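Asks: Take a look at the following structure, please.
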Amino acid sequence: AQSVTQLGSHVSVSEGALVLLRCNYSSSVPPYLFWYVQYPNQGLQLLLKYTSAATLVKGINGFEAEFKKSETSFHLTKPSAHMSDAAEYFCAVTEKGAGSYQLTFGKGTKLSVIP
Amino acid sequence: DTGVSQDPRHKITKRGQNVTFRCDPISEHNRLYWYRQTLGQGPEFLTYFQNEAQLEKSRLLSDRFSAERPKGSFSTLEIQRTEQGDSAMYLCASSLDLEHEQYFGPGTRLTVT
């Protein structure tokens with residue numbers, strides 16, 4: 001069975017500061033990992049994905065994440081926060097060879113950016 | 001590419017009524033997924049289709065929930081005899097075979113009074 005834990009339901013950073021959102025996963029087989037962003041009353045937009053190529057993955061809007069198998073982690077970072085980054089972020093996992101590739105999501109981290 | 005669309009965006013219904021939601025996936029996508037998202041939680045997988053075949057439905061929340069994708073294009077999710085606990089955002093996503101990236105629609109927010 002697969003699962004995702006996101007540490008911190010709410011993170012606040014100052015504009016221009018580093019953004020670090022934490023995600024740990026559990027999977028019985030090699031995983032595919034994703035970060036999605038959700039703005040209020042909207043669906044989810046894919047930020048980036050890890051599918052067993054490079055362990056450092058770059059996404060949209062300056063975000064990146066690093067897959068660390070030994071730590072079962074896939075933390076999301078951005079060097080300099082912008083006001084427009086304020087949103088909720090979800091980490092998700094699916095398993096290779098799962099057939100359905102259904103996503104299992106964490107509970108989300110709400111990011112606030114302080115001017 | 002118009003993206004995944006869902007209709008309606010908002011639905012308010014009284015307890016005990018039936019509701020039906022529609023999802024139109026990206027046109028060439030043959031996989032379609034339904035998720036439910038309650039307040040303060042991440043989306044929870046409900047069911048998925050590959051073309052018109054519903055290949056996973058064990059995660060549907062009860063026998064009051066059903067989904068169809070009759071011609072392998074749009075899909076509907078029906079909830080019969082709604083309960084207040086059904087209040088949530090219902091999300092639809094689509095993808096291509098052998099691709100892992102799911103594209104989400106804007107969701108249908110259901111409020112049961």
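By order of appearance in the structure tokens: chains A, B, ..., then residues from 1 within every chain, and ligands from 1 in the order shown.
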I need the strand (DSSP E) residues of chain A per DSSP on the backbone, written as a PyMOL selection string.

Replies: chain A and resi 3-7+10-14+19-26+31-38+44-50+56-58+64-68+73-78+87-95+104-105+109-114

Asks: Under the rule of at most 10 Å, produce a per-residue listing of chain B near chain A: chain, number, name, the closest pair of atoms, and the distance in Å, as a tab-separated table, using only C-alpha atoms.

Replies:
residue	atom	partner	partner_atom	distance
B:Val4	CA	A:Gly43	CA	9.7
B:Arg9	CA	A:Asn41	CA	9.4
B:Arg31	CA	A:Ser100	CA	8.7
B:Leu32	CA	A:Ser100	CA	9.9
B:Tyr33	CA	A:Gln102	CA	7.8
B:Trp34	CA	A:Gln102	CA	9.6
B:Tyr35	CA	A:Leu103	CA	9.2
B:Gln37	CA	A:Lys107	CA	9.9
B:Leu39	CA	A:Lys107	CA	9.8
B:Gly40	CA	A:Lys107	CA	6.9
B:Gln41	CA	A:Lys107	CA	4.6
B:Gly42	CA	A:Lys107	CA	4.5
B:Pro43	CA	A:Phe105	CA	6.2
B:Glu44	CA	A:Thr104	CA	6.9
B:Phe45	CA	A:Gln102	CA	6.7
B:Leu46	CA	A:Gln102	CA	9.1
B:Thr47	CA	A:Gln102	CA	8.5
B:Tyr48	CA	A:Ser100	CA	7.2
B:Phe49	CA	A:Ser100	CA	8.6
B:Gln50	CA	A:Ser100	CA	8.6
B:Leu55	CA	A:Ser100	CA	7.8
B:Glu56	CA	A:Ser100	CA	7.5
B:Met89	CA	A:Asn41	CA	9.0
B:Tyr90	CA	A:Gly43	CA	9.6
B:Leu91	CA	A:Gly43	CA	7.1
B:Cys92	CA	A:Gly43	CA	8.8
B:Ala93	CA	A:Leu44	CA	9.2
B:Ser95	CA	A:Tyr101	CA	9.8
B:Asp97	CA	A:Ser100	CA	9.7
B:Leu98	CA	A:Gly99	CA	9.2
B:Glu99	CA	A:Tyr101	CA	8.9
B:His100	CA	A:Tyr101	CA	6.7
B:Glu101	CA	A:Lys49	CA	7.9
B:Gln102	CA	A:Leu46	CA	8.0
B:Tyr103	CA	A:Gln45	CA	7.2
B:Phe104	CA	A:Leu44	CA	5.6
B:Gly105	CA	A:Gly43	CA	5.4
B:Pro106	CA	A:Gly43	CA	4.0
B:Gly107	CA	A:Gly43	CA	5.8
B:Thr108	CA	A:Asn41	CA	9.4
B:Arg109	CA	A:Asn41	CA	8.5

Asks: For region 65-71 of chain B, find every residue with an atom within 8 Å (counting only C-alpha atoms), except residues of its own chain fewer than 6 positions away, and show them as a PyMOL selection string.

Replies: chain B and resi 47+49+51-54+77-80

Asks: Only N, CA, C and O atoms, please: the residues just picked out, written as a PDB file, in the first residue's frame.

Replies:
ATOM      1  N   THR B  47     -12.677   6.019  -8.501  1.00  0.00           N
ATOM      2  CA  THR B  47     -12.847   5.040  -9.562  1.00  0.00           C
ATOM      3  C   THR B  47     -12.124   5.513 -10.813  1.00  0.00           C
ATOM      4  O   THR B  47     -11.748   6.688 -10.910  1.00  0.00           O
ATOM      5  N   PHE B  49     -11.656   4.717 -15.343  1.00  0.00           N
ATOM      6  CA  PHE B  49     -12.042   4.095 -16.598  1.00  0.00           C
ATOM      7  C   PHE B  49     -10.861   4.084 -17.553  1.00  0.00           C
ATOM      8  O   PHE B  49     -10.094   5.041 -17.622  1.00  0.00           O
ATOM      9  N   ASN B  51     -10.898   3.803 -21.455  1.00  0.00           N
ATOM     10  CA  ASN B  51     -11.931   3.882 -22.493  1.00  0.00           C
ATOM     11  C   ASN B  51     -13.288   3.754 -21.799  1.00  0.00           C
ATOM     12  O   ASN B  51     -13.543   4.463 -20.832  1.00  0.00           O
ATOM     13  N   GLU B  52     -14.147   2.839 -22.244  1.00  0.00           N
ATOM     14  CA  GLU B  52     -15.468   2.760 -21.604  1.00  0.00           C
ATOM     15  C   GLU B  52     -15.500   1.768 -20.445  1.00  0.00           C
ATOM     16  O   GLU B  52     -16.511   1.649 -19.754  1.00  0.00           O
ATOM     17  N   ALA B  53     -14.418   1.047 -20.226  1.00  0.00           N
ATOM     18  CA  ALA B  53     -14.393   0.014 -19.186  1.00  0.00           C
ATOM     19  C   ALA B  53     -14.023   0.614 -17.828  1.00  0.00           C
ATOM     20  O   ALA B  53     -12.997   1.285 -17.696  1.00  0.00           O
ATOM     21  N   GLN B  54     -14.856   0.329 -16.843  1.00  0.00           N
ATOM     22  CA  GLN B  54     -14.575   0.757 -15.481  1.00  0.00           C
ATOM     23  C   GLN B  54     -13.735  -0.328 -14.823  1.00  0.00           C
ATOM     24  O   GLN B  54     -14.241  -1.394 -14.459  1.00  0.00           O
ATOM     25  N   LEU B  77     -20.839  10.866 -12.823  1.00  0.00           N
ATOM     26  CA  LEU B  77     -20.799  10.317 -11.470  1.00  0.00           C
ATOM     27  C   LEU B  77     -22.137  10.631 -10.824  1.00  0.00           C
ATOM     28  O   LEU B  77     -22.544  11.795 -10.788  1.00  0.00           O
ATOM     29  N   GLU B  78     -22.826   9.611 -10.367  1.00  0.00           N
ATOM     30  CA  GLU B  78     -24.124   9.804  -9.743  1.00  0.00           C
ATOM     31  C   GLU B  78     -24.058   9.430  -8.274  1.00  0.00           C
ATOM     32  O   GLU B  78     -23.441   8.413  -7.907  1.00  0.00           O
ATOM     33  N   ILE B  79     -24.687  10.228  -7.456  1.00  0.00           N
ATOM     34  CA  ILE B  79     -24.855   9.910  -6.044  1.00  0.00           C
ATOM     35  C   ILE B  79     -26.351   9.846  -5.774  1.00  0.00           C
ATOM     36  O   ILE B  79     -27.078  10.820  -5.997  1.00  0.00           O
ATOM     37  N   GLN B  80     -26.805   8.716  -5.315  1.00  0.00           N
ATOM     38  CA  GLN B  80     -28.220   8.561  -4.987  1.00  0.00           C
ATOM     39  C   GLN B  80     -28.433   8.815  -3.495  1.00  0.00           C
ATOM     40  O   GLN B  80     -27.549   8.562  -2.675  1.00  0.00           O
TER      41      GLN B  80
END

Asks: Just to confirm, what's the straight-line distance from CA of Glu28 (chain B) to CA of Val37 (chain A) in Å (one decimal)?

Replies: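 So the answer is 24.0 Å.
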
Asks: Just how far from CA of Phe67 (chain A) is CA of His82 (chain A), in Å to one decimal?

Replies: 24.0 Å

Asks: I want to know what sits within 6 Å of Cys23 (chain A), based on only C-alpha atoms, with residues of the same chain fewer than 4 positions away left out; could you give that as a list in words?

Replies: Thr5, Gln6, Ser73, Phe74 and His75 of chain A

Asks: What does the distance between CA of Ala65 (chain A) and CA of Leu47 (chain A) come to in Å, to one decimal place?

Replies: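 A separation of 9.8 Å between them.
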
Asks: Go through B:Leu110, B:Thr2, B:Gln17, B:Ser58 and flag the residue nearest Arg81 (chain B), using only C-alpha atoms for the distances.

Replies: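 Among B:Leu110, B:Thr2, B:Gln17, B:Ser58, it is B:Gln17 that comes nearest to Arg81 (chain B).
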
Asks: Find the residue from A:Ser52, A:Val29, A:Pro40, A:Ile60 that sits nearest to Gln2 (chain A); use only C-alpha atoms when measuring.

Replies: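 Of A:Ser52, A:Val29, A:Pro40, A:Ile60, the one nearest Gln2 (chain A) is A:Val29, counting only C-alpha atoms.
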
Asks: Given the choices A:Trp35, A:Glu71, A:Val4, A:Gly62, which gets closest to Val19 (chain A) if the distance is worked out from only C-alpha atoms?

Replies: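 Ranking A:Trp35, A:Glu71, A:Val4, A:Gly62 by distance to Val19 (chain A), first place goes to A:Gly62.
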
Asks: I'd like the neighbourhood of Thr72 (chain A) as a list in words, where a residue qualifies if any of its atoms comes within 7 Å (using only C-alpha atoms), though same-chain residues fewer than 3 positions away should be ignored.

Replies: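 Once the nearby chain positions are removed, what remains is Asn24, Tyr25, Ser26, Lys68 and Lys69 of chain A.
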
Asks: Could you list, as an mmCIF file with C-alpha atoms, in the first residue's frame, every residue within 7 Å of Leu76 (chain A), counting only C-alpha atoms and ignoring same-chain residues fewer than 3 positions away?

Replies:
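Generated output (out.cif):
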data_model
loop_
_atom_site.group_PDB
_atom_site.id
_atom_site.type_symbol
_atom_site.label_atom_id
_atom_site.label_comp_id
_atom_site.auth_asym_id
_atom_site.auth_seq_id
_atom_site.Cartn_x
_atom_site.Cartn_y
_atom_site.Cartn_z
ATOM 1 C CA LEU A 20 10.563 24.234 1.476
ATOM 2 C CA LEU A 21 7.566 21.926 1.584
ATOM 3 C CA ARG A 22 8.182 18.440 2.935
ATOM 4 C CA PHE A 63 9.883 24.924 -8.327
ATOM 5 C CA GLU A 64 12.033 21.823 -8.070
ATOM 6 C CA ALA A 65 12.071 18.637 -6.019
#

Asks: Can you pull out every residue within 12 Å of Ala17 (chain A), counting only C-alpha atoms, but drop anything in the same chain fewer than 2 positions away, and send it as a list in words?

Replies: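 With the cut-off at 12 Å, the set is Ser12, Val13, Ser14, Glu15, Val19, Leu20, Thr77, Lys78, Pro79, Ser80, Ala81, His82, Met83, Asp85, Ser112, Val113, Ile114 and Pro115 of chain A.
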